[in-house]
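Asker: I'm passing along coords.pdb; it holds PDB, C-alpha atoms.
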```
ATOM      1  CA  MET L   1     115.339 101.547 104.868  1.00  0.00           C
ATOM      2  CA  GLU L   2     114.130 104.146 107.369  1.00  0.00           C
ATOM      3  CA  SER L   3     112.583 106.263 104.611  1.00  0.00           C
ATOM      4  CA  TYR L   4     110.161 103.411 103.822  1.00  0.00           C
ATOM      5  CA  VAL L   5     109.101 103.218 107.454  1.00  0.00           C
ATOM      6  CA  TYR L   6     108.565 106.992 107.570  1.00  0.00           C
ATOM      7  CA  ALA L   7     106.531 106.822 104.370  1.00  0.00           C
ATOM      8  CA  ILE L   8     104.029 104.341 105.810  1.00  0.00           C
ATOM      9  CA  SER L   9     103.602 105.759 109.317  1.00  0.00           C
ATOM     10  CA  VAL L  10     100.985 108.400 108.429  1.00  0.00           C
ATOM     11  CA  PRO L  11      98.906 106.185 106.088  1.00  0.00           C
ATOM     12  CA  ALA L  12      99.004 103.420 108.696  1.00  0.00           C
ATOM     13  CA  ILE L  13      97.557 105.720 111.365  1.00  0.00           C
ATOM     14  CA  THR L  14      94.973 106.953 108.850  1.00  0.00           C
ATOM     15  CA  ALA L  15      93.895 103.412 107.959  1.00  0.00           C
ATOM     16  CA  ILE L  16      93.653 102.338 111.598  1.00  0.00           C
ATOM     17  CA  VAL L  17      91.553 105.384 112.521  1.00  0.00           C
ATOM     18  CA  TYR L  18      89.349 104.860 109.430  1.00  0.00           C
ATOM     19  CA  TRP L  19      88.476 101.301 110.444  1.00  0.00           C
ATOM     20  CA  ILE L  20      87.969 102.172 114.116  1.00  0.00           C
ATOM     21  CA  ILE L  21      85.574 104.967 113.122  1.00  0.00           C
ATOM     22  CA  ASN L  22      83.671 102.562 110.854  1.00  0.00           C
ATOM     23  CA  LEU L  23      83.401 100.070 113.723  1.00  0.00           C
ATOM     24  CA  ILE L  24      82.120 102.815 116.039  1.00  0.00           C
ATOM     25  CA  LYS L  25      79.518 103.900 113.466  1.00  0.00           C
ATOM     26  CA  TYR L  26      78.398 100.305 112.977  1.00  0.00           C
ATOM     27  CA  ALA L  27      78.179  99.676 116.728  1.00  0.00           C
ATOM     28  CA  ALA L  28      76.209 102.893 117.276  1.00  0.00           C
ATOM     29  CA  ASN L  29      73.786 101.949 114.462  1.00  0.00           C
ATOM     30  CA  ASN L  30      74.435 105.186 112.520  1.00  0.00           C
ATOM     31  CA  ASN L  31      73.312 107.447 115.350  1.00  0.00           C
ATOM     32  CA  GLU L  32      72.840 111.025 114.048  1.00  0.00           C
ATOM     33  CA  LYS L  33      74.230 112.613 117.233  1.00  0.00           C
ATOM     34  CA  LEU L  34      77.372 110.501 116.987  1.00  0.00           C
ATOM     35  CA  LYS L  35      77.915 111.489 113.336  1.00  0.00           C
ATOM     36  CA  ARG L  36      78.452 115.089 114.443  1.00  0.00           C
ATOM     37  CA  PHE L  37      81.406 114.075 116.580  1.00  0.00           C
ATOM     38  CA  ILE L  38      83.126 111.695 114.158  1.00  0.00           C
ATOM     39  CA  PRO L  39      85.817 114.212 113.049  1.00  0.00           C
ATOM     40  CA  LEU L  40      86.573 115.021 116.689  1.00  0.00           C
ATOM     41  CA  ILE L  41      86.772 111.332 117.597  1.00  0.00           C
ATOM     42  CA  ALA L  42      88.984 110.662 114.567  1.00  0.00           C
ATOM     43  CA  ALA L  43      91.345 113.487 115.513  1.00  0.00           C
ATOM     44  CA  GLY L  44      91.500 112.212 119.098  1.00  0.00           C
ATOM     45  CA  LEU L  45      92.222 108.661 117.991  1.00  0.00           C
ATOM     46  CA  GLY L  46      94.908 109.936 115.632  1.00  0.00           C
ATOM     47  CA  VAL L  47      96.544 111.945 118.412  1.00  0.00           C
ATOM     48  CA  VAL L  48      96.544 108.924 120.707  1.00  0.00           C
ATOM     49  CA  LEU L  49      97.990 106.669 118.005  1.00  0.00           C
ATOM     50  CA  GLY L  50     100.611 109.269 117.079  1.00  0.00           C
ATOM     51  CA  VAL L  51     101.826 109.659 120.650  1.00  0.00           C
ATOM     52  CA  VAL L  52     101.710 105.906 121.302  1.00  0.00           C
ATOM     53  CA  SER L  53     103.735 105.212 118.171  1.00  0.00           C
ATOM     54  CA  TYR L  54     106.213 107.933 119.166  1.00  0.00           C
ATOM     55  CA  TYR L  55     106.884 106.311 122.538  1.00  0.00           C
ATOM     56  CA  ALA L  56     106.406 102.640 121.592  1.00  0.00           C
ATOM     57  CA  ALA L  57     108.412 102.712 118.351  1.00  0.00           C
ATOM     58  CA  PRO L  58     110.311 106.003 118.019  1.00  0.00           C
ATOM     59  CA  GLY L  59     111.776 105.034 114.658  1.00  0.00           C
ATOM     60  CA  VAL L  60     108.365 104.610 113.038  1.00  0.00           C
ATOM     61  CA  ILE L  61     107.044 108.159 113.125  1.00  0.00           C
ATOM     62  CA  ILE L  62     108.860 111.185 111.699  1.00  0.00           C
ATOM     63  CA  ALA L  63     108.327 113.344 114.792  1.00  0.00           C
ATOM     64  CA  GLN L  64     111.280 114.535 116.864  1.00  0.00           C
ATOM     65  CA  ASN L  65     109.199 115.306 119.971  1.00  0.00           C
ATOM     66  CA  PRO L  66     105.754 114.468 121.409  1.00  0.00           C
ATOM     67  CA  LEU L  67     104.232 117.739 120.173  1.00  0.00           C
ATOM     68  CA  PHE L  68     105.009 116.896 116.546  1.00  0.00           C
ATOM     69  CA  ALA L  69     103.744 113.342 117.126  1.00  0.00           C
ATOM     70  CA  THR L  70     100.485 114.856 118.393  1.00  0.00           C
ATOM     71  CA  VAL L  71     100.115 117.072 115.322  1.00  0.00           C
ATOM     72  CA  ILE L  72     101.000 114.270 112.888  1.00  0.00           C
ATOM     73  CA  GLY L  73      98.575 111.899 114.609  1.00  0.00           C
ATOM     74  CA  GLY L  74      95.764 114.469 114.652  1.00  0.00           C
ATOM     75  CA  ALA L  75      96.249 115.274 110.977  1.00  0.00           C
ATOM     76  CA  SER L  76      96.277 111.561 110.166  1.00  0.00           C
ATOM     77  CA  GLY L  77      93.026 111.082 112.080  1.00  0.00           C
ATOM     78  CA  LEU L  78      91.362 113.957 110.264  1.00  0.00           C
ATOM     79  CA  SER L  79      92.570 112.608 106.941  1.00  0.00           C
ATOM     80  CA  ALA L  80      90.715 109.390 107.781  1.00  0.00           C
ATOM     81  CA  THR L  81      87.523 111.457 107.926  1.00  0.00           C
ATOM     82  CA  GLY L  82      88.370 112.996 104.569  1.00  0.00           C
ATOM     83  CA  MET L  83      89.067 109.587 103.090  1.00  0.00           C
ATOM     84  CA  ASN L  84      85.672 108.411 104.332  1.00  0.00           C
ATOM     85  CA  GLN L  85      83.984 111.354 102.617  1.00  0.00           C
ATOM     86  CA  ILE L  86      85.812 110.699  99.332  1.00  0.00           C
ATOM     87  CA  ILE L  87      84.665 107.076  99.337  1.00  0.00           C
ATOM     88  CA  LYS L  88      81.133 108.151 100.268  1.00  0.00           C
ATOM     89  CA  GLN L  89      80.946 110.757  97.477  1.00  0.00           C
ATOM     90  CA  LEU L  90      82.357 108.384  94.859  1.00  0.00           C
ATOM     91  CA  GLY L  91      79.733 105.807  95.785  1.00  0.00           C
ATOM     92  CA  LYS L  92      77.028 108.461  95.679  1.00  0.00           C
ATOM     93  CA  GLY L  93      77.879 109.349  92.072  1.00  0.00           C
ATOM     94  CA  GLU L  94      77.370 105.729  90.984  1.00  0.00           C
ATOM     95  CA  ASP L  95      73.929 105.590  92.615  1.00  0.00           C
ATOM     96  CA  ASP L  96      72.726 108.620  90.649  1.00  0.00           C
ATOM     97  CA  LYS L  97      73.511 106.957  87.289  1.00  0.00           C
TER      98      LYS L  97
END
```
Have the structure of the file written as structure tokens, please.
Answerer:
Amino acid sequence: MESYVYAISVPAITAIVYWIINLIKYAANNNEKLKRFIPLIAAGLGVVLGVVSYYAAPGVIIAQNPLFATVIGGASGLSATGMNQIIKQLGKGEDDK
């Protein structure tokens, strides 16, 4: 059963960061200066969520110590930025046709 929980911890952090970033972009009205810092904000949110999940629910995240939780959370946050770009590029291809 624990392997299922480990398998969803990283995608869960990624999804949460993705939606928080979208809310921030919507609230900031697509500010160009803010768009430069979105990967940094996403990495920071991922780090915070990784460390919080490590201490709040130690069985949820794969990490054995807070340093690994920080790295896993940061990578999950950055993958949210990558996921956003994939969705953006796929939508862009449909507009060209």
Asker: Quick one, how far is atom CA of L:Asn29 from atom CA of L:Gly74?
Answerer: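 Atom-to-atom, atom CA of L:Asn29 and atom CA of L:Gly74 are spaced 25.3 Å apart.
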Asker: If we count all atoms listed in the file, what is near L:Val10 at a cut-off of 8 Å, once residues fewer than 3 positions away on the same chain are taken out, given as a list in words?
Answerer: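 Final neighbour list, sorted by chain and number: Tyr6, Ala7, Ile13, Thr14, Ile61, Ile72, Gly73 and Ser76 of chain L.
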Asker: Measure the distance from atom CA of L:Tyr54 to atom CA of L:Leu78 in Å and round it to one decimal.
Answerer: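 Atom-to-atom, atom CA of L:Tyr54 to atom CA of L:Leu78, that is 18.3 Å.
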Asker: Using all atoms listed in the file, can you tell me which of L:Ala27, L:Ile16, L:Ala56, L:Ile8 comes closest to L:Gly77?
Answerer: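 Residue with the minimum atom-to-atom distance to L:Gly77: L:Ile16.
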Asker: What is the atom CA of L:Val51 to atom CA of L:Asn31 distance in Å?
Answerer: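 Calculated distance between atom CA of L:Val51 and atom CA of L:Asn31 is 29.1 Å.
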Asker: Which is closest to L:Val60 among L:Asn30, L:Ser79, L:Asn22, L:Ser9, if we use only C-alpha atoms?
Answerer: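 Going through L:Asn30, L:Ser79, L:Asn22, L:Ser9 one by one, the smallest distance to L:Val60 is for L:Ser9.
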Asker: At a cut-off of 12 Å, using all atoms listed in the file, what residues contact L:Trp19? Leave out same-chain residues fewer than 4 positions from it and give the result as a PyMOL selection string.
Answerer: chain L and resi 12-15+23-26+42+45-46+77+80-81+83-84
Asker: Exactly which residues make up the result of the PyMOL selection byres ((chain L and resi 67) around 12) on this file, given as a ChimeraX atom specification?
Answerer: /L:47-48,50-51,54-55,62-66,68-74
